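The next block is target.txt, given as compact mmCIF, C-alpha atoms.
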# COMPACT_ATOMS: atom_id res chain seq x y z
CA MET A 208 -6.49 -25.45 -12.26
CA ASN A 209 -5.15 -25.50 -8.72
CA TYR A 210 -5.59 -21.95 -7.43
CA LYS A 211 -3.29 -20.53 -4.80
CA ASN A 212 -4.98 -19.82 -1.49
CA TYR A 213 -3.22 -16.59 -0.48
CA PRO A 214 -3.25 -15.13 3.03
CA MET A 215 -3.87 -11.42 3.56
CA VAL A 216 -3.22 -9.06 6.44
CA SER A 217 -6.08 -10.02 8.76
CA ARG A 218 -6.42 -6.67 10.55
CA VAL A 219 -5.66 -3.14 9.43
CA VAL A 220 -6.28 0.29 10.95
CA PHE A 221 -6.21 3.37 8.70
CA GLY A 222 -6.32 6.98 9.82
CA ARG A 223 -4.30 10.01 10.79
CA GLY A 224 -3.16 9.60 14.40
CA SER A 225 -4.05 5.88 14.48
CA PHE A 226 -0.48 5.14 15.65
CA ASN A 227 -1.71 6.31 19.09
CA GLN A 228 -3.78 3.10 19.30
CA LEU A 229 -0.79 0.74 18.99
CA GLY A 230 -0.75 -0.02 22.74
CA ASP A 231 -4.47 -0.87 22.84
CA ILE A 232 -4.12 -3.05 19.74
CA ILE A 233 -1.19 -5.18 20.88
CA SER A 234 -1.88 -5.49 24.63
CA PRO A 235 -4.40 -8.38 24.25
CA LYS A 236 -1.67 -10.28 22.38
CA ARG A 237 0.78 -10.19 25.30
CA LYS A 238 1.31 -13.78 26.44
CA ASN A 239 2.65 -12.89 29.90
CA ILE A 240 4.70 -10.13 31.51
CA LYS A 241 7.96 -11.98 30.75
CA ALA A 242 7.14 -12.41 27.05
CA PRO A 243 8.20 -9.07 25.56
CA PHE A 244 7.14 -7.15 22.53
CA ILE A 245 10.21 -6.33 20.43
CA PHE A 246 9.99 -3.01 18.57
CA LEU A 247 12.25 -2.70 15.52
CA VAL A 248 12.38 1.02 14.72
CA ASP A 249 14.18 2.88 11.93
CA ASP A 250 17.05 4.74 13.59
CA VAL A 251 16.07 7.90 11.69
CA PHE A 252 13.54 8.32 14.54
CA LYS A 253 16.17 8.17 17.30
CA GLY A 254 15.65 11.26 19.43
CA ASN A 255 12.37 12.08 17.69
CA SER A 256 10.04 12.20 20.69
CA TRP A 257 7.03 13.01 18.46
CA LEU A 258 7.11 9.36 17.42
CA THR A 259 9.16 7.50 20.05
CA SER A 260 7.18 8.83 23.04
CA ARG A 261 4.14 6.99 21.66
CA ILE A 262 5.80 3.56 21.45
CA PRO A 263 3.98 1.60 24.20
CA LEU A 264 6.88 -0.06 26.04
CA ALA A 265 6.01 -2.09 29.14
CA TYR A 266 7.49 -4.89 31.29
CA ASN A 267 10.44 -6.51 29.45
CA ASP A 268 9.68 -4.93 26.09
CA GLN A 269 12.71 -3.99 24.02
CA LEU A 270 13.19 -1.20 21.49
CA LEU A 271 15.91 -1.81 18.88
CA TYR A 272 16.91 1.03 16.57
CA ILE A 273 17.98 -0.27 13.17
CA SER A 274 19.68 1.55 10.32
CA ALA A 275 17.93 1.40 6.96
CA ASP A 276 21.03 2.66 5.12
CA GLU A 277 21.56 -0.82 3.69
CA GLU A 278 19.12 -3.35 2.29
CA PRO A 279 18.18 -6.08 4.83
CA LYS A 280 20.48 -9.11 4.91
CA THR A 281 19.92 -12.72 5.97
CA SER A 282 22.90 -12.36 8.35
CA GLN A 283 21.23 -9.33 9.95
CA VAL A 284 18.05 -11.36 10.55
CA ASP A 285 20.09 -14.17 12.16
CA GLU A 286 21.89 -11.69 14.45
CA LEU A 287 18.62 -10.06 15.57
CA VAL A 288 17.01 -13.44 16.27
CA GLU A 289 20.04 -14.57 18.29
CA GLN A 290 20.08 -11.29 20.22
CA ILE A 291 16.38 -11.64 21.09
CA ILE A 292 16.75 -15.28 22.17
CA LEU A 293 19.80 -14.50 24.36
CA ASN A 294 18.17 -11.45 26.00
CA HIS A 295 14.80 -12.99 26.83
CA LYS A 296 13.97 -16.32 28.43
CA ASP A 297 10.44 -16.34 27.04
CA ARG A 298 9.63 -16.28 23.35
CA PRO A 299 8.42 -12.74 22.50
CA SER A 300 4.72 -11.94 22.39
CA GLY A 301 5.28 -10.20 19.07
CA ILE A 302 7.51 -8.21 16.75
CA ILE A 303 6.49 -4.67 15.77
CA GLY A 304 8.25 -3.06 12.81
CA ILE A 305 8.10 0.75 12.56
CA GLY A 306 9.77 2.18 9.46
CA GLY A 307 10.07 1.74 5.72
CA GLY A 308 10.37 -1.39 3.60
CA THR A 309 13.74 -2.38 5.10
CA ILE A 310 12.44 -2.37 8.68
CA LEU A 311 9.12 -3.99 7.75
CA ASP A 312 10.90 -6.80 5.90
CA LEU A 313 13.25 -7.35 8.85
CA ALA A 314 10.27 -7.52 11.23
CA LYS A 315 8.56 -10.14 9.06
CA ALA A 316 11.75 -12.20 8.73
CA VAL A 317 12.58 -12.09 12.46
CA ALA A 318 9.03 -13.19 13.32
CA ILE A 319 9.46 -16.20 11.01
CA LEU A 320 12.94 -17.17 12.22
CA LEU A 321 11.88 -17.11 15.89
CA THR A 322 9.70 -20.17 15.21
CA ASN A 323 11.64 -21.86 12.39
CA GLU A 324 15.04 -23.43 13.01
CA GLY A 325 18.18 -22.64 11.09
CA GLU A 326 19.37 -19.59 9.21
CA ALA A 327 17.37 -17.05 7.24
CA LYS A 328 19.15 -17.94 3.98
CA ASN A 329 17.56 -21.42 4.11
CA TYR A 330 14.10 -19.86 3.66
CA GLN A 331 14.86 -17.64 0.66
CA GLY A 332 12.50 -18.85 -2.03
CA TRP A 333 8.88 -19.89 -2.34
CA ASP A 334 6.90 -21.73 0.38
CA LEU A 335 9.85 -23.06 2.39
CA VAL A 336 8.56 -21.89 5.80
CA LYS A 337 6.86 -24.73 7.72
CA THR A 338 5.86 -23.18 11.06
CA PRO A 339 3.68 -20.07 11.56
CA ALA A 340 5.60 -16.93 12.58
CA ILE A 341 5.00 -15.23 15.91
CA TYR A 342 2.53 -12.33 16.01
CA HIS A 343 3.92 -9.43 13.98
CA VAL A 344 2.74 -5.88 13.33
CA GLY A 345 3.76 -3.46 10.58
CA VAL A 346 3.69 0.33 10.92
CA PRO A 347 4.94 1.95 7.68
CA THR A 348 6.49 5.41 8.00
CA ILE A 349 7.00 5.85 4.24
CA SER A 350 4.69 4.80 1.42
CA GLY A 351 5.35 2.87 -1.76
CA THR A 352 7.13 -0.41 -1.14
CA GLY A 353 4.00 -2.44 -0.41
CA ALA A 354 6.03 -4.32 2.24
CA GLU A 355 3.18 -3.71 4.69
CA VAL A 356 0.86 -5.98 2.69
CA SER A 357 3.09 -8.39 0.73
CA ARG A 358 3.72 -12.10 1.41
CA THR A 359 7.45 -11.71 0.97
CA THR A 360 10.38 -10.29 2.88
CA VAL A 361 13.21 -9.49 0.49
CA LEU A 362 16.67 -10.29 1.85
CA THR A 363 20.20 -10.23 0.49
CA GLY A 364 21.86 -13.53 1.31
CA PRO A 365 25.34 -14.94 0.72
CA GLN A 366 24.41 -16.27 -2.74
CA LYS A 367 21.37 -14.30 -3.87
CA LYS A 368 18.89 -11.54 -3.22
CA LEU A 369 15.52 -13.23 -2.85
CA GLY A 370 12.46 -13.01 -0.65
CA ILE A 371 11.10 -15.37 1.96
CA ASN A 372 7.83 -15.85 0.06
CA SER A 373 5.40 -17.73 2.28
CA ASP A 374 1.88 -17.86 3.71
CA TYR A 375 3.36 -17.03 7.13
CA THR A 376 5.15 -13.85 6.00
CA PRO A 377 2.29 -11.27 5.92
CA PHE A 378 1.70 -9.15 8.99
CA ASP A 379 -1.08 -10.10 11.42
CA GLN A 380 -1.82 -6.42 11.95
CA VAL A 381 -0.95 -3.23 10.07
CA ILE A 382 -1.41 0.36 11.23
CA LEU A 383 -1.63 2.84 8.36
CA ASP A 384 -1.15 6.31 9.79
CA PRO A 385 -0.34 8.76 6.96
CA GLU A 386 0.86 11.34 9.51
CA LEU A 387 3.96 9.22 10.11
CA THR A 388 5.18 10.01 6.57
CA LYS A 389 5.29 13.80 7.08
CA ASP A 390 9.09 14.15 7.33
CA VAL A 391 10.12 11.92 4.41
CA PRO A 392 12.70 13.78 2.24
CA LYS A 393 11.50 14.65 -1.27
CA ASP A 394 13.91 12.35 -3.16
CA GLN A 395 13.04 9.43 -0.90
CA TRP A 396 9.31 10.18 -1.31
CA PHE A 397 9.74 10.02 -5.08
CA TYR A 398 11.89 6.86 -5.22
CA THR A 399 9.62 4.91 -2.89
CA GLY A 400 6.48 6.21 -4.56
CA MET A 401 7.93 5.05 -7.89
CA ASP A 402 8.42 1.56 -6.40
CA CYS A 403 4.62 1.50 -6.14
CA TYR A 404 4.18 2.90 -9.66
CA ILE A 405 6.59 0.29 -11.08
CA HIS A 406 4.70 -2.49 -9.23
CA CYS A 407 1.59 -1.36 -11.14
CA ILE A 408 3.28 -1.20 -14.54
CA GLU A 409 4.94 -4.60 -14.14
CA SER A 410 1.77 -6.25 -12.84
CA LEU A 411 -0.59 -4.68 -15.40
CA ASN A 412 1.68 -5.59 -18.33
CA GLY A 413 2.52 -9.09 -17.13
CA THR A 414 1.52 -12.52 -18.42
CA TYR A 415 0.17 -13.42 -14.96
CA LEU A 416 -2.42 -10.63 -15.09
CA ASN A 417 -5.94 -11.50 -13.98
CA ALA A 418 -8.95 -9.53 -12.74
CA PHE A 419 -7.79 -9.79 -9.11
CA SER A 420 -4.35 -8.24 -9.76
CA GLN A 421 -5.74 -5.84 -12.32
CA SER A 422 -8.32 -4.31 -9.99
CA TYR A 423 -5.67 -3.46 -7.38
CA GLY A 424 -3.05 -2.44 -9.96
CA GLU A 425 -5.38 -0.08 -11.80
CA LYS A 426 -6.42 1.63 -8.56
CA ALA A 427 -2.81 2.10 -7.45
CA TYR A 428 -1.86 3.39 -10.91
CA GLN A 429 -4.72 5.91 -10.85
CA LEU A 430 -3.67 7.12 -7.38
CA CYS A 431 -0.04 7.49 -8.55
CA LEU A 432 -1.20 9.69 -11.45
CA GLU A 433 -3.14 11.91 -9.03
CA ILE A 434 -0.19 12.20 -6.64
CA PHE A 435 2.69 12.61 -9.07
CA MET A 436 1.12 14.29 -12.12
CA GLU A 437 -1.69 16.53 -10.85
CA ASP A 438 -1.37 19.63 -8.68
CA ASN A 439 -4.72 19.71 -6.90
CA LEU A 440 -4.04 17.64 -3.77
CA SER A 441 -3.34 19.02 -0.31
CA VAL A 442 -0.26 17.64 1.47
CA GLU A 443 -2.52 15.55 3.72
CA ASP A 444 -4.53 14.14 0.82
CA SER A 445 -1.35 13.27 -1.02
CA GLN A 446 -0.01 11.41 2.06
CA ASP A 447 -3.30 9.55 2.53
CA LYS A 448 -3.55 8.56 -1.12
CA LEU A 449 0.07 7.43 -1.43
CA MET A 450 -0.36 5.19 1.62
CA MET A 451 -3.36 3.57 -0.10
CA ALA A 452 -1.53 3.38 -3.44
CA SER A 453 1.25 1.47 -1.69
CA TRP A 454 -1.31 -0.94 -0.23
CA HIS A 455 -3.03 -1.51 -3.58
CA GLY A 456 0.28 -1.76 -5.42
CA GLY A 457 1.45 -4.44 -2.99
CA MET A 458 -1.84 -6.29 -3.36
CA SER A 459 -1.58 -6.19 -7.18
CA ILE A 460 1.43 -8.49 -6.88
CA ALA A 461 -0.38 -11.10 -4.72
CA TYR A 462 -1.88 -13.02 -7.64
CA SER A 463 0.69 -11.68 -10.09
CA GLN A 464 4.40 -10.86 -10.08
CA VAL A 465 6.79 -7.99 -10.65
CA GLY A 466 8.96 -7.91 -13.77
CA VAL A 467 12.08 -6.65 -15.52
CA ALA A 468 12.78 -3.60 -13.32
CA HIS A 469 12.70 -5.60 -10.10
CA ALA A 470 14.79 -8.45 -11.54
CA LEU A 471 17.54 -6.07 -12.68
CA SER A 472 17.41 -3.89 -9.55
CA TYR A 473 17.94 -7.01 -7.40
CA GLY A 474 21.22 -7.48 -9.28
CA LEU A 475 22.25 -3.86 -8.61
CA SER A 476 21.35 -4.22 -4.96
CA TYR A 477 23.16 -7.54 -4.50
CA LEU A 478 26.45 -6.31 -6.01
CA LEU A 479 26.46 -2.58 -5.29
CA GLY A 480 24.10 -2.30 -2.32
CA THR A 481 21.84 0.07 -4.28
CA LYS A 482 18.70 0.83 -2.26
CA HIS A 483 15.55 -0.73 -3.72
CA GLY A 484 13.54 2.39 -4.58
CA ILE A 485 16.38 4.25 -6.26
CA GLY A 486 17.60 1.05 -7.95
CA ASN A 487 14.17 0.48 -9.48
CA CYS A 488 14.17 4.04 -10.82
CA VAL A 489 17.67 3.73 -12.30
CA VAL A 490 16.67 0.50 -14.07
CA PHE A 491 13.18 1.55 -15.15
CA ASP A 492 14.60 4.63 -16.87
CA HIS A 493 16.07 2.27 -19.52
CA LEU A 494 13.19 -0.15 -20.07
CA GLU A 495 11.31 1.47 -22.98
CA GLU A 496 11.58 -1.83 -24.87
CA PHE A 497 9.48 -3.62 -22.25
CA TYR A 498 7.23 -0.87 -20.86
CA PRO A 499 7.13 1.99 -23.44
CA ASP A 500 4.13 3.89 -22.04
CA GLY A 501 5.12 3.34 -18.41
CA VAL A 502 8.67 4.60 -18.97
CA LYS A 503 7.47 7.63 -20.94
CA LEU A 504 5.21 8.68 -18.06
CA PHE A 505 7.96 7.93 -15.52
CA LYS A 506 10.28 10.35 -17.33
CA GLN A 507 7.56 13.02 -17.21
CA MET A 508 7.13 12.52 -13.44
CA LYS A 509 10.89 12.64 -12.94
CA LYS A 510 11.07 15.95 -14.83
CA LYS A 511 8.04 17.43 -13.06
CA HIS A 512 9.53 16.77 -9.63
CA GLN A 513 13.09 17.73 -10.69
CA ILE A 514 14.57 14.36 -9.74
CA HIS A 515 18.08 13.62 -10.97
CA LEU A 516 18.94 9.93 -10.90
CA PRO A 517 22.53 8.83 -10.20
CA GLN A 518 24.48 8.08 -13.39
CA GLY A 519 27.31 5.69 -14.14
CA LEU A 520 26.57 3.13 -11.43
CA CYS A 521 27.97 0.36 -13.63
CA ALA A 522 30.62 2.44 -15.43
CA HIS A 523 33.67 0.82 -13.81
CA LEU A 524 32.51 -2.75 -13.32
CA SER A 525 34.51 -5.76 -14.50
CA ASP A 526 33.07 -8.57 -16.63
CA GLU A 527 33.01 -10.74 -13.50
CA GLU A 528 30.95 -8.13 -11.65
CA PHE A 529 28.49 -7.87 -14.53
CA ASP A 530 28.19 -11.67 -14.44
CA ILE A 531 27.31 -11.59 -10.72
CA MET A 532 24.45 -9.13 -11.34
CA ILE A 533 23.25 -11.08 -14.37
CA ASP A 534 23.23 -14.34 -12.36
CA VAL A 535 21.11 -12.73 -9.62
CA ALA A 536 18.67 -11.30 -12.17
CA LEU A 537 18.36 -14.54 -14.18
CA GLY A 538 17.68 -16.50 -10.99
CA LEU A 539 14.30 -14.77 -10.61
CA GLU A 540 12.40 -17.00 -13.04
CA PRO A 541 8.81 -16.09 -11.98
CA LEU A 542 9.59 -12.41 -12.68
CA TRP A 543 10.79 -13.16 -16.21
CA ILE A 544 7.83 -15.44 -16.97
CA ASN A 545 5.53 -12.61 -15.90
CA ALA A 546 7.43 -10.02 -17.93
CA VAL A 547 8.15 -11.93 -21.14
CA GLY A 548 6.33 -15.29 -21.05
CA LYS A 549 7.27 -18.95 -20.64
CA ASN A 550 9.84 -18.81 -23.45
CA TRP A 551 11.68 -15.95 -21.76
CA LYS A 552 15.08 -17.66 -22.01
CA GLN A 553 15.00 -17.25 -25.79
CA VAL A 554 14.56 -13.48 -25.38
CA ILE A 555 16.47 -12.63 -22.20
CA THR A 556 20.10 -13.45 -22.90
CA ARG A 557 23.15 -12.63 -20.81
CA ASP A 558 24.30 -10.21 -23.52
CA LYS A 559 20.96 -8.40 -23.46
CA LEU A 560 21.12 -7.94 -19.69
CA LYS A 561 24.74 -6.83 -19.83
CA GLY A 562 23.76 -4.23 -22.43
CA LEU A 563 21.03 -2.91 -20.14
CA TYR A 564 23.33 -2.78 -17.10
CA GLN A 565 25.97 -0.94 -19.16
CA LYS A 566 23.45 1.86 -19.80
CA MET A 567 23.19 2.41 -16.04
Please go through the file and, once you have read it, give me the structure as structure tokens.
Amino acid sequence: MNYKNYPMVSRVVFGRGSFNQLGDIISPKRKNIKAPFIFLVDDVFKGNSWLTSRIPLAYNDQLLYISADEEPKTSQVDELVEQIILNHKDRPSGIIGIGGGTILDLAKAVAILLTNEGEAKNYQGWDLVKTPAIYHVGVPTISGTGAEVSRTTVLTGPQKKLGINSDYTPFDQVILDPELTKDVPKDQWFYTGMDCYIHCIESLNGTYLNAFSQSYGEKAYQLCLEIFMEDNLSVEDSQDKLMMASWHGGMSIAYSQVGVAHALSYGLSYLLGTKHGIGNCVVFDHLEEFYPDGVKLFKQMKKKHQIHLPQGLCAHLSDEEFDIMIDVALGLEPLWINAVGKNWKQVITRDKLKGLYQKM
């Protein structure tokens, strides 16, 4: 066996109010006063001085507000990289992403493309990045995606939705401050929390499962049950635990893979622009055949928190549009091997996927 030597986030700070230490943490990494730190910040925080007043801007540093209304695109990464190169003579000292999965994935991708030539779409896939990224820091402001710990940055490109999966993708530093999640709307909290829950179910029921993935997946699963099914946690405890569930759920994928829900939600996202968390929920709701126990519990959590998923997303699609989604989903071979096994092509037919999409 040739075992994969995975990188991890080398430094992490956890604690309420730890965001205040961002300046102290990054200042030793400044190369010179002309080499800026670029802060990519979710534009939901524009005008929110509680957070923005603590962003440690100095010298030529630049703060870019970015909308997370749409999933991150390869073209968006290319535009940001070009903007940074044109605005600054020196290569940046680092990229700091402050936001949810969309912003964190953009930060990882921009850090990679500042040291690797060409367009972002050329790096969609596994182990295509040749040069280490510049220093990059992740500060999640919502919990569940696992983007803060994963070795991928998922992007929608011209032909496909696929991550830049590489040893150079993970953050060099992560700051986990549960306080930053205090204003997340309830629906968003649920959808993104369920992204973590679905990571666990797909990992724990997959053919790639091993003790490494299982230990992280089981812990994240247990935390999700506490947060979404029990009523004995304070708001602060719930925030703390969901931030750690997200971390463990992301880690459970490191030596494993996701599965059917992610494969199908990538198709929804590519064609319809459906956001990842809600897309996963819409798909997972119909996957009893693959994850009977996981889906049963998901429906209980949905009912408990009075969440109503959008219906009829695929009601008016043409055959050609279904084919586009099916092509995207079928292109994710490692996910299907994990979900169904090496002979997945005998089980997962185009008709089967079309039938599933038609339910949505």
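Here CA of Lys448 (chain A) and CA of Lys426 (chain A) stand 10.6 Å from one another.
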Shell around Gly301 (chain A) at 6 Å using all atoms listed in the file, local window under 6 positions removed, as a ChimeraX atom specification: /A:244,341-343
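Taking CA of Ile262 (chain A) and CA of Leu387 (chain A) as the two end points, the separation is 12.8 Å.
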Between CA of Ile245 (chain A) and CA of Pro299 (chain A) - distance in Å to one decimal: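 Rounded to one decimal, the two atoms are 7.0 Å apart.
Closest approach to His469 (chain A) among A:His523, A:Lys552, A:Lys368, A:Lys510: A:Lys368, based on all atoms listed in the file.
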Among listed residues A:Ala546, A:Val251, A:Cys488, A:Ala468, nearest Lys509 (chain A) (using all atoms listed in the file): A:Cys488
Please return region 299-331 of chain A, rebuilt to N, CA and C atoms, as a JSON list (two decimals), keeping the file's coordinate frame.
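Generated file (result.json):
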[["chain", "number", "residue", "atom", "x", "y", "z"],
["A", 299, "PRO", "N", 9.15, -14.02, 22.50],
["A", 299, "PRO", "CA", 8.42, -12.74, 22.50],
["A", 299, "PRO", "C", 6.93, -12.91, 22.20],
["A", 300, "SER", "N", 6.15, -11.98, 22.70],
["A", 300, "SER", "CA", 4.72, -11.94, 22.39],
["A", 300, "SER", "C", 4.49, -11.47, 20.96],
["A", 301, "GLY", "N", 5.44, -10.68, 20.44],
["A", 301, "GLY", "CA", 5.28, -10.20, 19.07],
["A", 301, "GLY", "C", 6.43, -9.31, 18.65],
["A", 302, "ILE", "N", 6.51, -9.11, 17.35],
["A", 302, "ILE", "CA", 7.51, -8.21, 16.75],
["A", 302, "ILE", "C", 6.74, -7.07, 16.08],
["A", 303, "ILE", "N", 7.15, -5.84, 16.38],
["A", 303, "ILE", "CA", 6.49, -4.67, 15.77],
["A", 303, "ILE", "C", 7.54, -3.90, 14.97],
["A", 304, "GLY", "N", 7.35, -3.81, 13.66],
["A", 304, "GLY", "CA", 8.25, -3.06, 12.81],
["A", 304, "GLY", "C", 7.71, -1.68, 12.52],
["A", 305, "ILE", "N", 8.52, -0.64, 12.79],
["A", 305, "ILE", "CA", 8.10, 0.75, 12.56],
["A", 305, "ILE", "C", 9.15, 1.41, 11.67],
["A", 306, "GLY", "N", 8.81, 1.61, 10.39],
["A", 306, "GLY", "CA", 9.77, 2.18, 9.46],
["A", 306, "GLY", "C", 9.35, 1.93, 8.03],
["A", 307, "GLY", "N", 10.33, 1.98, 7.13],
["A", 307, "GLY", "CA", 10.07, 1.74, 5.72],
["A", 307, "GLY", "C", 10.21, 0.27, 5.37],
["A", 308, "GLY", "N", 10.34, 0.00, 4.07],
["A", 308, "GLY", "CA", 10.37, -1.39, 3.60],
["A", 308, "GLY", "C", 11.45, -2.23, 4.25],
["A", 309, "THR", "N", 12.63, -1.64, 4.48],
["A", 309, "THR", "CA", 13.74, -2.38, 5.10],
["A", 309, "THR", "C", 13.35, -2.89, 6.49],
["A", 310, "ILE", "N", 12.80, -2.00, 7.30],
["A", 310, "ILE", "CA", 12.44, -2.37, 8.68],
["A", 310, "ILE", "C", 11.26, -3.35, 8.68],
["A", 311, "LEU", "N", 10.28, -3.11, 7.81],
["A", 311, "LEU", "CA", 9.12, -3.99, 7.75],
["A", 311, "LEU", "C", 9.53, -5.40, 7.32],
["A", 312, "ASP", "N", 10.43, -5.48, 6.34],
["A", 312, "ASP", "CA", 10.90, -6.80, 5.90],
["A", 312, "ASP", "C", 11.69, -7.50, 7.00],
["A", 313, "LEU", "N", 12.51, -6.75, 7.73],
["A", 313, "LEU", "CA", 13.25, -7.35, 8.85],
["A", 313, "LEU", "C", 12.29, -7.87, 9.92],
["A", 314, "ALA", "N", 11.24, -7.10, 10.22],
["A", 314, "ALA", "CA", 10.27, -7.52, 11.23],
["A", 314, "ALA", "C", 9.59, -8.83, 10.82],
["A", 315, "LYS", "N", 9.21, -8.92, 9.55],
["A", 315, "LYS", "CA", 8.56, -10.14, 9.06],
["A", 315, "LYS", "C", 9.51, -11.33, 9.15],
["A", 316, "ALA", "N", 10.77, -11.11, 8.74],
["A", 316, "ALA", "CA", 11.75, -12.20, 8.73],
["A", 316, "ALA", "C", 12.09, -12.66, 10.15],
["A", 317, "VAL", "N", 12.27, -11.72, 11.06],
["A", 317, "VAL", "CA", 12.58, -12.09, 12.46],
["A", 317, "VAL", "C", 11.43, -12.89, 13.07],
["A", 318, "ALA", "N", 10.20, -12.47, 12.79],
["A", 318, "ALA", "CA", 9.03, -13.19, 13.32],
["A", 318, "ALA", "C", 9.01, -14.63, 12.82],
["A", 319, "ILE", "N", 9.42, -14.85, 11.58],
["A", 319, "ILE", "CA", 9.46, -16.20, 11.01],
["A", 319, "ILE", "C", 10.58, -17.02, 11.63],
["A", 320, "LEU", "N", 11.77, -16.41, 11.76],
["A", 320, "LEU", "CA", 12.94, -17.17, 12.22],
["A", 320, "LEU", "C", 12.91, -17.46, 13.72],
["A", 321, "LEU", "N", 12.02, -16.79, 14.46],
["A", 321, "LEU", "CA", 11.88, -17.11, 15.89],
["A", 321, "LEU", "C", 11.12, -18.42, 16.10],
["A", 322, "THR", "N", 10.44, -18.90, 15.07],
["A", 322, "THR", "CA", 9.70, -20.17, 15.21],
["A", 322, "THR", "C", 10.18, -21.25, 14.23],
["A", 323, "ASN", "N", 11.11, -20.89, 13.36],
["A", 323, "ASN", "CA", 11.64, -21.86, 12.39],
["A", 323, "ASN", "C", 13.14, -21.99, 12.57],
["A", 324, "GLU", "N", 13.62, -23.21, 12.70],
["A", 324, "GLU", "CA", 15.04, -23.43, 13.01],
["A", 324, "GLU", "C", 15.94, -23.11, 11.82],
["A", 325, "GLY", "N", 17.20, -22.85, 12.14],
["A", 325, "GLY", "CA", 18.18, -22.64, 11.09],
["A", 325, "GLY", "C", 18.37, -21.18, 10.75],
["A", 326, "GLU", "N", 19.01, -20.94, 9.62],
["A", 326, "GLU", "CA", 19.37, -19.59, 9.21],
["A", 326, "GLU", "C", 18.38, -19.03, 8.19],
["A", 327, "ALA", "N", 18.32, -17.71, 8.13],
["A", 327, "ALA", "CA", 17.37, -17.05, 7.24],
["A", 327, "ALA", "C", 17.59, -17.44, 5.78],
["A", 328, "LYS", "N", 18.85, -17.64, 5.39],
["A", 328, "LYS", "CA", 19.15, -17.94, 3.98],
["A", 328, "LYS", "C", 18.46, -19.24, 3.51],
["A", 329, "ASN", "N", 18.19, -20.14, 4.46],
["A", 329, "ASN", "CA", 17.56, -21.42, 4.11],
["A", 329, "ASN", "C", 16.10, -21.25, 3.70],
["A", 330, "TYR", "N", 15.53, -20.08, 3.96],
["A", 330, "TYR", "CA", 14.10, -19.86, 3.66],
["A", 330, "TYR", "C", 13.89, -18.91, 2.49],
["A", 331, "GLN", "N", 14.99, -18.51, 1.85],
["A", 331, "GLN", "CA", 14.86, -17.64, 0.66],
["A", 331, "GLN", "C", 14.29, -18.48, -0.49]]
